[in-house]
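A.B. asks: Below is the structure I would like to discuss, written out as structure tokens.
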Amino acid sequence: MRITVQRKTLAEYEVDLVDATLLEVLGAIKTTQDNTLTYSSGCRSSVCGSCAVRVNGKEVLACSYKVEDGDLVEPLKNVPVLRDLVVDMEKAYSFNAKAKAWQTLLSDGVSVSHENEKINEIQSDCILCGSCYSACPVYSVNEEFLGPFALTRVWKYVSDVRESDSSEKIATIQTDGVWDCTLCNECTLVCPQNISSKADIEKLR
Ligand code: SF4
Ligand code: SF4
Ligand code: FES
């Protein structure tokens with residue numbers, strides 16, 4: 001099969017693999033054809049979030065996506081490209097702090113019921129792959145938008161029954177936050193963990 005990878009220019013590779021993941025194909029190219037090809041990976045099992053890229057314009061995890069003939073592989077959008085498929089997530093991750101996406105004040109003696117846990121259980125599954133951030137159209141007009149994964153984390157903490165003061169977080173997300181989201185749902189469609197940041201933003205509103 002043939003795949004094209006966006007490097008400094010478009011690079012085409014022929015690979016003799018069947019039913020392979022994109023990560024396996026990239027590894028085969030690197031070891032047998034071009035050892036300068038650069039990409040990120042870690043767990044190889046959809047857990048660490050480091051291998052997210054775009055295939056034919058849609059964000060995927062390279063270690064779970066099965067390659068098809070003719071695929072175009074590109075780095076994530078809305079983040080600086082360091083080299084080939086490796087991007088710099090530093091600014092994107094900094095939005096977690098800017099959004100105050102952490103627990104502020106834990107109340108003593110509050111018991112957490114099973115129903116309470118269900119309210120924000122899935123948000124804990126975020127692997128910070130950056131797919132939602134890459135898919136979000138708001139960054140083309142506002143580079144300071146707090147963004148889907150940071151706002152999902154804010155929801156996780158303000159909805160926690162043990163959180164005794166969420167007012168500062170709610171105040172923080174009024175600017176470059178919940179009102180800048182267009183509710184387009186692109187973040188939900190690409191999330192490998194089935195998290196809907198769009199739904200979390202609606203709840204925060
Ligand atoms: S729903 Fe909001 S956060 Fe999600 S991709 Fe669309 S604009 Fe971005
Ligand atoms: S919310 Fe989903 S798409 Fe966004 S960083 Fe977390 S795991 Fe990735
Ligand atoms: S290598 Fe860890 S998620 Fe793909």
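Just remember, in the structure tokens the first chain shown is A, the second B, etc., residues are 1-based per chain, and ligands are 1-based in the order shown.
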Can you tell me which residues come within 7 Å of ligand 1 when counting only C-alpha atoms and all ligand atoms, ideally as number ranges by chain?

C.D. replies: A: 132, 135-138, 147-148, 181-188, 197-198

A.B. asks: If we count only C-alpha atoms, what is near Asp84 (chain A) at a cut-off of 9 Å, once residues fewer than 2 positions away on the same chain are taken out, given as a PyMOL selection string?

C.D. replies: chain A and resi 5-8+37-39+74-75+81-82+86-87

A.B. asks: Within 7 Å of ligand 3 (counting only C-alpha atoms and all ligand atoms), which residues show up? I'd like them as a list of chain:residue names.

C.D. replies: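 Checking only C-alpha atoms and all ligand atoms against ligand 3 at 7 Å gives A:Ser41, A:Gly42, A:Cys43, A:Arg44, A:Ser45, A:Ser46, A:Val47, A:Cys48, A:Gly49, A:Ser50, A:Cys51, A:Ala52, A:Leu61, A:Ala62, A:Cys63, A:Ser64.
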
A.B. asks: Quick one: write out the picked residues with N, CA and C atoms as a CSV table (one decimal), in the first residue's frame?

C.D. replies:
```csv
chain,number,residue,atom,x,y,z
A,41,SER,N,5.4,8.3,19.9
A,41,SER,CA,4.6,7.2,20.4
A,41,SER,C,5.1,6.8,21.8
A,42,GLY,N,4.2,6.0,22.5
A,42,GLY,CA,4.6,5.5,23.8
A,42,GLY,C,4.1,4.2,24.0
A,43,CYS,N,2.8,4.1,24.5
A,43,CYS,CA,2.3,2.9,25.0
A,43,CYS,C,1.9,1.8,23.9
A,44,ARG,N,1.7,2.3,22.7
A,44,ARG,CA,1.3,1.5,21.6
A,44,ARG,C,-0.1,0.8,21.8
A,45,SER,N,-0.8,1.3,22.8
A,45,SER,CA,-2.1,0.6,23.1
A,45,SER,C,-3.2,1.6,23.5
A,46,SER,N,-3.2,2.8,22.9
A,46,SER,CA,-4.3,3.8,23.1
A,46,SER,C,-4.4,4.3,24.5
A,47,VAL,N,-3.3,4.3,25.3
A,47,VAL,CA,-3.4,4.8,26.7
A,47,VAL,C,-2.7,6.1,26.9
A,48,CYS,N,-1.6,6.3,26.3
A,48,CYS,CA,-0.7,7.5,26.6
A,48,CYS,C,-1.1,8.7,25.9
A,49,GLY,N,-1.7,8.6,24.7
A,49,GLY,CA,-2.2,9.8,24.0
A,49,GLY,C,-1.1,10.5,23.2
A,50,SER,N,0.1,9.9,23.1
A,50,SER,CA,1.2,10.6,22.5
A,50,SER,C,1.2,10.5,20.9
A,51,CYS,N,0.5,9.6,20.4
A,51,CYS,CA,0.6,9.3,18.9
A,51,CYS,C,-0.4,9.9,18.0
A,52,ALA,N,-1.2,10.9,18.6
A,52,ALA,CA,-2.3,11.5,17.8
A,52,ALA,C,-1.8,12.2,16.6
A,61,LEU,N,-5.6,8.1,16.7
A,61,LEU,CA,-4.4,7.6,17.4
A,61,LEU,C,-3.7,6.7,16.4
A,62,ALA,N,-2.5,6.9,16.1
A,62,ALA,CA,-1.7,6.1,15.2
A,62,ALA,C,-1.7,4.7,15.6
A,63,CYS,N,-1.7,4.4,16.9
A,63,CYS,CA,-1.5,3.0,17.4
A,63,CYS,C,-2.8,2.2,17.3
A,64,SER,N,-3.9,2.9,17.0
A,64,SER,CA,-5.2,2.1,16.8
A,64,SER,C,-5.8,2.2,15.4
```

A.B. asks: Return as an mmCIF file with N, CA, C and O atoms, in the first residue's frame every polymer residue, whether protein, DNA or RNA, with at least one atom no more than 9 Å from an atom of ligand 2; count only C-alpha atoms and all ligand atoms.

C.D. replies:
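Result went into out-v4.cif, see below:
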```
data_model
loop_
_atom_site.group_PDB
_atom_site.id
_atom_site.type_symbol
_atom_site.label_atom_id
_atom_site.label_comp_id
_atom_site.auth_asym_id
_atom_site.auth_seq_id
_atom_site.Cartn_x
_atom_site.Cartn_y
_atom_site.Cartn_z
ATOM 1 N N GLY A 49 -1.738 8.607 24.731
ATOM 2 C CA GLY A 49 -2.185 9.781 23.979
ATOM 3 C C GLY A 49 -1.113 10.473 23.167
ATOM 4 O O GLY A 49 -1.352 11.523 22.578
ATOM 5 N N ALA A 52 -1.205 10.883 18.568
ATOM 6 C CA ALA A 52 -2.307 11.451 17.777
ATOM 7 C C ALA A 52 -1.771 12.205 16.551
ATOM 8 O O ALA A 52 -0.823 12.986 16.656
ATOM 9 N N GLU A 59 -8.588 13.468 13.090
ATOM 10 C CA GLU A 59 -7.665 13.094 14.158
ATOM 11 C C GLU A 59 -7.871 11.630 14.564
ATOM 12 O O GLU A 59 -9.015 11.187 14.747
ATOM 13 N N GLN A 123 -14.890 11.963 32.252
ATOM 14 C CA GLN A 123 -13.911 13.039 32.056
ATOM 15 C C GLN A 123 -12.536 12.642 32.597
ATOM 16 O O GLN A 123 -11.512 13.156 32.139
ATOM 17 N N SER A 124 -12.511 11.725 33.558
ATOM 18 C CA SER A 124 -11.224 11.272 34.107
ATOM 19 C C SER A 124 -10.456 10.400 33.114
ATOM 20 O O SER A 124 -9.282 10.101 33.331
ATOM 21 N N ASP A 125 -11.119 9.977 32.042
ATOM 22 C CA ASP A 125 -10.469 9.093 31.072
ATOM 23 C C ASP A 125 -9.651 9.839 30.029
ATOM 24 O O ASP A 125 -9.032 9.222 29.164
ATOM 25 N N CYS A 126 -9.673 11.171 30.078
ATOM 26 C CA CYS A 126 -8.926 11.948 29.077
ATOM 27 C C CYS A 126 -7.447 11.564 29.098
ATOM 28 O O CYS A 126 -6.824 11.530 30.155
ATOM 29 N N ILE A 127 -6.893 11.285 27.921
ATOM 30 C CA ILE A 127 -5.465 10.907 27.834
ATOM 31 C C ILE A 127 -4.630 12.050 27.251
ATOM 32 O O ILE A 127 -3.493 11.836 26.831
ATOM 33 N N LEU A 128 -5.220 13.257 27.193
ATOM 34 C CA LEU A 128 -4.502 14.453 26.716
ATOM 35 C C LEU A 128 -3.835 14.224 25.364
ATOM 36 O O LEU A 128 -2.698 14.646 25.144
ATOM 37 N N CYS A 129 -4.561 13.556 24.468
ATOM 38 C CA CYS A 129 -3.979 13.276 23.144
ATOM 39 C C CYS A 129 -3.949 14.520 22.267
ATOM 40 O O CYS A 129 -3.205 14.587 21.290
ATOM 41 N N GLY A 130 -4.808 15.503 22.572
ATOM 42 C CA GLY A 130 -4.830 16.735 21.788
ATOM 43 C C GLY A 130 -5.705 16.676 20.551
ATOM 44 O O GLY A 130 -5.791 17.650 19.797
ATOM 45 N N SER A 131 -6.376 15.555 20.309
ATOM 46 C CA SER A 131 -7.204 15.432 19.101
ATOM 47 C C SER A 131 -8.316 16.474 19.069
ATOM 48 O O SER A 131 -8.589 17.093 18.035
ATOM 49 N N CYS A 132 -8.980 16.664 20.206
ATOM 50 C CA CYS A 132 -10.081 17.635 20.252
ATOM 51 C C CYS A 132 -9.567 19.049 20.004
ATOM 52 O O CYS A 132 -10.198 19.839 19.295
ATOM 53 N N TYR A 133 -8.418 19.344 20.554
ATOM 54 C CA TYR A 133 -7.802 20.665 20.394
ATOM 55 C C TYR A 133 -7.509 20.910 18.911
ATOM 56 O O TYR A 133 -7.750 21.990 18.378
ATOM 57 N N SER A 134 -6.990 19.884 18.250
ATOM 58 C CA SER A 134 -6.652 19.994 16.827
ATOM 59 C C SER A 134 -7.902 20.179 15.963
ATOM 60 O O SER A 134 -7.877 20.906 14.968
ATOM 61 N N ALA A 135 -8.981 19.531 16.356
ATOM 62 C CA ALA A 135 -10.207 19.562 15.539
ATOM 63 C C ALA A 135 -11.033 20.827 15.760
ATOM 64 O O ALA A 135 -11.946 21.116 14.979
ATOM 65 N N PRO A 148 -11.337 22.532 24.336
ATOM 66 C CA PRO A 148 -12.172 21.420 24.785
ATOM 67 C C PRO A 148 -11.632 20.632 25.967
ATOM 68 O O PRO A 148 -12.359 20.391 26.935
ATOM 69 N N PHE A 149 -10.372 20.203 25.939
ATOM 70 C CA PHE A 149 -9.984 19.307 27.038
ATOM 71 C C PHE A 149 -9.835 20.061 28.359
ATOM 72 O O PHE A 149 -10.120 19.519 29.422
ATOM 73 N N ALA A 150 -9.426 21.344 28.306
ATOM 74 C CA ALA A 150 -9.312 22.104 29.559
ATOM 75 C C ALA A 150 -10.706 22.363 30.146
ATOM 76 O O ALA A 150 -10.910 22.250 31.363
ATOM 77 N N THR A 152 -13.385 20.549 29.660
ATOM 78 C CA THR A 152 -13.884 19.265 30.176
ATOM 79 C C THR A 152 -13.356 19.014 31.591
ATOM 80 O O THR A 152 -14.062 18.551 32.480
ATOM 81 N N ARG A 153 -12.085 19.362 31.816
ATOM 82 C CA ARG A 153 -11.506 19.193 33.166
ATOM 83 C C ARG A 153 -12.153 20.131 34.170
ATOM 84 O O ARG A 153 -12.355 19.775 35.327
ATOM 85 N N CYS A 187 -15.032 18.200 18.506
ATOM 86 C CA CYS A 187 -14.199 17.612 19.555
ATOM 87 C C CYS A 187 -14.717 16.225 19.969
ATOM 88 O O CYS A 187 -13.948 15.298 20.187
ATOM 89 N N THR A 188 -16.027 16.115 20.044
ATOM 90 C CA THR A 188 -16.632 14.848 20.456
ATOM 91 C C THR A 188 -16.372 13.766 19.407
ATOM 92 O O THR A 188 -16.076 12.611 19.740
ATOM 93 N N LEU A 189 -16.481 14.150 18.146
ATOM 94 C CA LEU A 189 -16.379 13.173 17.065
ATOM 95 C C LEU A 189 -14.991 12.538 16.979
ATOM 96 O O LEU A 189 -14.855 11.413 16.506
ATOM 97 N N VAL A 190 -13.956 13.251 17.437
ATOM 98 C CA VAL A 190 -12.599 12.711 17.287
ATOM 99 C C VAL A 190 -12.034 12.137 18.582
ATOM 100 O O VAL A 190 -10.945 11.574 18.575
ATOM 101 N N CYS A 191 -12.749 12.279 19.688
ATOM 102 C CA CYS A 191 -12.166 11.848 20.968
ATOM 103 C C CYS A 191 -12.082 10.317 21.058
ATOM 104 O O CYS A 191 -13.098 9.632 21.003
ATOM 105 N N PRO A 192 -10.881 9.760 21.227
ATOM 106 C CA PRO A 192 -10.758 8.293 21.318
ATOM 107 C C PRO A 192 -11.335 7.730 22.610
ATOM 108 O O PRO A 192 -11.517 6.516 22.730
ATOM 109 N N GLN A 193 -11.629 8.590 23.583
ATOM 110 C CA GLN A 193 -12.164 8.144 24.869
ATOM 111 C C GLN A 193 -13.668 8.410 24.988
ATOM 112 O O GLN A 193 -14.246 8.283 26.072
ATOM 113 N N ASN A 194 -14.277 8.811 23.895
ATOM 114 C CA ASN A 194 -15.726 9.075 23.879
ATOM 115 C C ASN A 194 -16.159 10.161 24.868
ATOM 116 O O ASN A 194 -17.267 10.117 25.415
ATOM 117 N N ILE A 195 -15.272 11.119 25.096
ATOM 118 C CA ILE A 195 -15.629 12.259 25.942
ATOM 119 C C ILE A 195 -16.259 13.321 25.050
ATOM 120 O O ILE A 195 -15.777 13.579 23.947
ATOM 121 N N SER A 196 -17.330 13.936 25.514
ATOM 122 C CA SER A 196 -17.928 15.032 24.760
ATOM 123 C C SER A 196 -17.619 16.349 25.467
ATOM 124 O O SER A 196 -18.322 16.748 26.398
ATOM 125 N N SER A 197 -16.585 17.013 25.015
ATOM 126 C CA SER A 197 -16.278 18.332 25.582
ATOM 127 C C SER A 197 -17.408 19.295 25.280
ATOM 128 O O SER A 197 -17.710 20.177 26.085
#
```

A.B. asks: If you count only C-alpha atoms, which residues fall within 8 Å of Asn120 (chain A), apart from same-chain ones fewer than 6 positions away, as a ChimeraX atom specification?

C.D. replies: /A:155-156,159-160

A.B. asks: Please identify which residues in region 12-113 of chain A DSSP calls alpha helix (DSSP H) from the backbone, and express them as a VMD selection string.

C.D. replies: chain A and resid 22 to 32 90 to 98

A.B. asks: Rounded to one decimal place, report the CA of Ala171 (chain A)-CA of Val79 (chain A) distance in Å.

C.D. replies: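 Separation between CA of Ala171 (chain A) and CA of Val79 (chain A): 26.4 Å.
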
A.B. asks: Pick out the residues sitting within 7 Å of Thr4 (chain A), and hand them over as a PyMOL selection string; count only C-alpha atoms, and ignore anything fewer than 6 positions along from it in its own chain.

C.D. replies: chain A and resi 10-13+71-73

A.B. asks: Any idea what's packed within 12 Å of Ser166 (chain A), counting only C-alpha atoms, ignoring anything in its chain fewer than 6 positions away? Could you give it as a tab-separated table (two decimals) with all heavy atoms, in the first residue's frame?

C.D. replies:
```
chain	number	residue	atom	x	y	z
A	99	ALA	N	-7.24	27.71	32.89
A	99	ALA	CA	-8.66	27.49	33.18
A	99	ALA	C	-8.89	27.08	34.64
A	99	ALA	O	-10.03	26.83	35.04
A	99	ALA	CB	-9.22	26.42	32.25
A	100	LYS	N	-7.81	26.98	35.40
A	100	LYS	CA	-7.88	26.53	36.81
A	100	LYS	C	-8.54	25.14	36.90
A	100	LYS	O	-9.45	24.92	37.71
A	100	LYS	CB	-8.61	27.53	37.69
A	100	LYS	CG	-7.98	28.94	37.66
A	100	LYS	CD	-8.59	29.82	38.73
A	100	LYS	CE	-8.19	31.29	38.58
A	100	LYS	NZ	-6.77	31.55	38.53
A	101	ALA	N	-8.08	24.25	36.02
A	101	ALA	CA	-8.68	22.92	35.95
A	101	ALA	C	-8.06	22.00	37.00
A	101	ALA	O	-7.30	21.08	36.70
A	101	ALA	CB	-8.50	22.34	34.55
A	102	TRP	N	-8.35	22.32	38.25
A	102	TRP	CA	-7.90	21.48	39.35
A	102	TRP	C	-8.90	21.60	40.51
A	102	TRP	O	-9.77	22.45	40.51
A	102	TRP	CB	-6.51	21.91	39.83
A	102	TRP	CG	-6.42	23.34	40.25
A	102	TRP	CD1	-6.99	23.91	41.35
A	102	TRP	CD2	-5.76	24.42	39.58
A	102	TRP	NE1	-6.71	25.25	41.42
A	102	TRP	CE2	-5.96	25.60	40.33
A	102	TRP	CE3	-5.01	24.49	38.40
A	102	TRP	CZ2	-5.45	26.83	39.95
A	102	TRP	CZ3	-4.49	25.73	38.03
A	102	TRP	CH2	-4.71	26.88	38.80
A	103	GLN	N	-8.73	20.71	41.49
A	103	GLN	CA	-9.61	20.75	42.66
A	103	GLN	C	-9.16	21.90	43.56
A	103	GLN	O	-7.98	22.04	43.86
A	103	GLN	CB	-9.47	19.44	43.43
A	103	GLN	CG	-10.57	19.20	44.41
A	103	GLN	CD	-11.42	18.01	43.99
A	103	GLN	OE1	-10.88	16.98	43.65
A	103	GLN	NE2	-12.71	18.16	44.00
A	104	THR	N	-10.08	22.77	43.98
A	104	THR	CA	-9.70	23.92	44.79
A	104	THR	C	-9.77	23.61	46.28
A	104	THR	O	-8.77	23.59	46.98
A	104	THR	CB	-10.62	25.13	44.49
A	104	THR	OG1	-10.63	25.33	43.09
A	104	THR	CG2	-10.10	26.39	45.17
A	105	LEU	N	-10.96	23.34	46.76
A	105	LEU	CA	-11.16	23.13	48.20
A	105	LEU	C	-11.95	21.85	48.42
A	105	LEU	O	-13.09	21.75	48.00
A	105	LEU	CB	-11.96	24.29	48.79
A	105	LEU	CG	-11.20	25.51	49.28
A	105	LEU	CD1	-12.19	26.53	49.82
A	105	LEU	CD2	-10.19	25.12	50.35
A	106	LEU	N	-11.31	20.87	49.02
A	106	LEU	CA	-12.02	19.62	49.30
A	106	LEU	C	-12.77	19.75	50.62
A	106	LEU	O	-12.17	20.03	51.65
A	106	LEU	CB	-11.02	18.47	49.42
A	106	LEU	CG	-10.75	17.64	48.18
A	106	LEU	CD1	-9.85	16.47	48.54
A	106	LEU	CD2	-12.03	17.14	47.55
A	107	SER	N	-14.08	19.59	50.57
A	107	SER	CA	-14.86	19.64	51.81
A	107	SER	C	-14.62	18.38	52.63
A	107	SER	O	-14.51	17.29	52.08
A	107	SER	CB	-16.35	19.73	51.50
A	107	SER	OG	-16.61	20.86	50.72
A	154	VAL	N	-12.45	21.36	33.73
A	154	VAL	CA	-13.13	22.28	34.64
A	154	VAL	C	-14.48	21.69	35.05
A	154	VAL	O	-14.85	21.70	36.23
A	154	VAL	CB	-13.32	23.67	33.98
A	154	VAL	CG1	-14.17	24.56	34.87
A	154	VAL	CG2	-11.96	24.33	33.74
A	155	TRP	N	-15.21	21.13	34.08
A	155	TRP	CA	-16.50	20.50	34.42
A	155	TRP	C	-16.29	19.38	35.44
A	155	TRP	O	-17.05	19.26	36.41
A	155	TRP	CB	-17.19	19.95	33.16
A	155	TRP	CG	-18.31	19.02	33.54
A	155	TRP	CD1	-18.33	17.66	33.43
A	155	TRP	CD2	-19.54	19.38	34.18
A	155	TRP	NE1	-19.49	17.15	33.95
A	155	TRP	CE2	-20.25	18.19	34.41
A	155	TRP	CE3	-20.11	20.60	34.57
A	155	TRP	CZ2	-21.50	18.17	35.01
A	155	TRP	CZ3	-21.35	20.58	35.17
A	155	TRP	CH2	-22.04	19.38	35.39
A	156	LYS	N	-15.27	18.59	35.22
A	156	LYS	CA	-15.00	17.47	36.14
A	156	LYS	C	-14.87	17.98	37.58
A	156	LYS	O	-15.42	17.39	38.51
A	156	LYS	CB	-13.71	16.76	35.71
A	156	LYS	CG	-13.15	15.77	36.70
A	156	LYS	CD	-11.93	15.12	36.09
A	156	LYS	CE	-10.98	14.60	37.15
A	156	LYS	NZ	-11.57	13.71	38.12
A	157	TYR	N	-14.19	19.11	37.76
A	157	TYR	CA	-13.96	19.59	39.13
A	157	TYR	C	-15.14	20.38	39.69
A	157	TYR	O	-15.46	20.24	40.86
A	157	TYR	CB	-12.66	20.38	39.20
A	157	TYR	CG	-11.46	19.48	38.99
A	157	TYR	CD1	-10.64	19.61	37.88
A	157	TYR	CD2	-11.20	18.44	39.89
A	157	TYR	CE1	-9.58	18.74	37.68
A	157	TYR	CE2	-10.14	17.57	39.68
A	157	TYR	CZ	-9.34	17.73	38.58
A	157	TYR	OH	-8.29	16.86	38.38
A	158	VAL	N	-15.79	21.21	38.86
A	158	VAL	CA	-16.90	21.98	39.44
A	158	VAL	C	-18.11	21.09	39.74
A	158	VAL	O	-18.95	21.43	40.57
A	158	VAL	CB	-17.35	23.18	38.56
A	158	VAL	CG1	-16.22	24.12	38.28
A	158	VAL	CG2	-18.01	22.73	37.28
A	159	SER	N	-18.19	19.94	39.08
A	159	SER	CA	-19.33	19.04	39.32
A	159	SER	C	-19.04	18.03	40.43
A	159	SER	O	-19.90	17.23	40.78
A	159	SER	CB	-19.71	18.30	38.04
A	159	SER	OG	-18.63	17.47	37.62
A	160	ASP	N	-17.84	18.08	40.97
A	160	ASP	CA	-17.46	17.17	42.05
A	160	ASP	C	-18.13	17.64	43.35
A	160	ASP	O	-17.90	18.78	43.78
A	160	ASP	CB	-15.93	17.16	42.18
A	160	ASP	CG	-15.44	16.07	43.12
A	160	ASP	OD1	-16.07	15.84	44.17
A	160	ASP	OD2	-14.41	15.46	42.80
A	172	THR	N	-13.43	32.33	35.80
A	172	THR	CA	-12.30	32.25	34.87
A	172	THR	C	-12.73	31.85	33.47
A	172	THR	O	-12.18	32.33	32.48
A	172	THR	CB	-11.27	31.22	35.41
A	172	THR	OG1	-10.85	31.66	36.70
A	172	THR	CG2	-10.07	31.10	34.49
A	173	ILE	N	-13.70	30.98	33.36
A	173	ILE	CA	-14.06	30.45	32.03
A	173	ILE	C	-15.08	31.31	31.29
A	173	ILE	O	-15.58	30.92	30.24
A	173	ILE	CB	-14.58	29.00	32.14
A	173	ILE	CG1	-15.81	28.93	33.04
A	173	ILE	CG2	-13.47	28.08	32.62
A	173	ILE	CD1	-16.50	27.57	33.04
A	204	LEU	N	-21.44	23.53	31.64
A	204	LEU	CA	-20.79	24.66	32.32
A	204	LEU	C	-21.56	25.96	32.06
A	204	LEU	O	-21.69	26.79	32.94
A	204	LEU	CB	-19.35	24.81	31.84
A	204	LEU	CG	-18.34	23.78	32.37
A	204	LEU	CD1	-17.04	23.84	31.59
A	204	LEU	CD2	-18.08	23.98	33.86
```

A.B. asks: For Ile119 (chain A), which residue out of A:Ser94, A:Val161, A:Leu146, A:Thr175 is the nearest one, using only C-alpha atoms?

C.D. replies: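 For Ile119 (chain A), the nearest of the given residues is A:Val161.
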
A.B. asks: With distances taken over only C-alpha atoms, which residue among A:Ser111, A:Gln174, A:Ser40, A:Thr31 lies nearest Val53 (chain A)?

C.D. replies: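 Residue with the minimum atom-to-atom distance to Val53 (chain A): A:Ser40.
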
A.B. asks: Got a sec: who's within 7 Å of Val67 (chain A), counting only C-alpha atoms, leaving out chain neighbours fewer than 2 positions off, as a ChimeraX atom specification?

C.D. replies: /A:20-22,65,69,71

A.B. asks: May I have the residues from that selection written out with all heavy atoms, as a compact mmCIF listing (two decimals), in the first residue's frame?

C.D. replies:
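Okay, this is what ended up in out_4.txt:
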```txt
# COMPACT_ATOMS: atom_id res chain seq x y z
N ALA A 20 -2.36 -3.40 9.06
CA ALA A 20 -1.41 -2.84 10.02
C ALA A 20 -1.93 -1.52 10.57
O ALA A 20 -2.66 -0.79 9.91
CB ALA A 20 -0.07 -2.60 9.34
N THR A 21 -1.52 -1.22 11.81
CA THR A 21 -1.84 0.10 12.36
C THR A 21 -0.91 1.14 11.72
O THR A 21 0.17 0.80 11.21
CB THR A 21 -1.66 0.14 13.89
OG1 THR A 21 -0.28 -0.01 14.20
CG2 THR A 21 -2.50 -0.91 14.57
N LEU A 22 -1.33 2.38 11.81
CA LEU A 22 -0.48 3.45 11.28
C LEU A 22 0.86 3.48 12.01
O LEU A 22 1.91 3.72 11.39
CB LEU A 22 -1.21 4.80 11.42
CG LEU A 22 -0.41 6.03 11.00
CD1 LEU A 22 0.09 5.92 9.56
CD2 LEU A 22 -1.27 7.28 11.16
N TYR A 65 -5.35 3.22 14.67
CA TYR A 65 -5.92 3.40 13.33
C TYR A 65 -5.31 2.39 12.34
O TYR A 65 -4.10 2.25 12.26
CB TYR A 65 -5.65 4.83 12.84
CG TYR A 65 -6.10 5.04 11.42
CD1 TYR A 65 -7.45 5.26 11.13
CD2 TYR A 65 -5.19 4.97 10.36
CE1 TYR A 65 -7.87 5.41 9.80
CE2 TYR A 65 -5.61 5.13 9.06
CZ TYR A 65 -6.95 5.35 8.79
OH TYR A 65 -7.36 5.49 7.49
N ASP A 69 -4.89 2.10 1.89
CA ASP A 69 -4.12 2.56 0.73
C ASP A 69 -4.53 3.99 0.37
O ASP A 69 -5.72 4.30 0.30
CB ASP A 69 -4.38 1.62 -0.45
CG ASP A 69 -3.49 1.95 -1.62
OD1 ASP A 69 -2.31 2.25 -1.40
OD2 ASP A 69 -3.99 1.93 -2.77
N ASP A 71 -3.83 6.76 2.13
CA ASP A 71 -4.01 7.67 3.26
C ASP A 71 -3.00 8.82 3.24
O ASP A 71 -1.82 8.62 2.90
CB ASP A 71 -3.85 6.91 4.60
CG ASP A 71 -5.13 6.18 5.00
OD1 ASP A 71 -6.18 6.45 4.41
OD2 ASP A 71 -5.04 5.32 5.91
```

A.B. asks: Please, which residues of region 47-162 of chain A, numbered as in this document, come out strand (DSSP E or B) from DSSP, as an MDAnalysis selection string?

C.D. replies: chainID A and resid 52:55 58:61 66 72:74 81:83 86:87 106

A.B. asks: Since we have the selection now, will you write its residues out, keeping C-alpha atoms, as an mmCIF file, in the first residue's frame?

C.D. replies:
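Saved the output as again-v4.cif:
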```cif
data_model
loop_
_atom_site.group_PDB
_atom_site.id
_atom_site.type_symbol
_atom_site.label_atom_id
_atom_site.label_comp_id
_atom_site.auth_asym_id
_atom_site.auth_seq_id
_atom_site.Cartn_x
_atom_site.Cartn_y
_atom_site.Cartn_z
ATOM 1 C CA ALA A 52 -2.307 11.451 17.777
ATOM 2 C CA VAL A 53 -2.074 12.629 14.160
ATOM 3 C CA ARG A 54 -4.530 13.438 11.396
ATOM 4 C CA VAL A 55 -5.386 10.968 8.654
ATOM 5 C CA LYS A 58 -9.435 13.516 10.823
ATOM 6 C CA GLU A 59 -7.665 13.094 14.158
ATOM 7 C CA VAL A 60 -6.786 9.495 15.116
ATOM 8 C CA LEU A 61 -4.424 7.612 17.389
ATOM 9 C CA LYS A 66 -5.720 0.719 10.581
ATOM 10 C CA LEU A 72 -2.607 11.159 3.847
ATOM 11 C CA VAL A 73 -1.002 11.506 7.290
ATOM 12 C CA GLU A 74 -0.479 14.966 8.790
ATOM 13 C CA VAL A 81 5.043 21.414 14.345
ATOM 14 C CA LEU A 82 8.472 20.542 15.714
ATOM 15 C CA ARG A 83 9.336 18.046 12.987
ATOM 16 C CA VAL A 86 5.795 15.704 16.178
ATOM 17 C CA VAL A 87 4.060 18.771 17.602
ATOM 18 C CA LEU A 106 -12.017 19.622 49.299
#
```
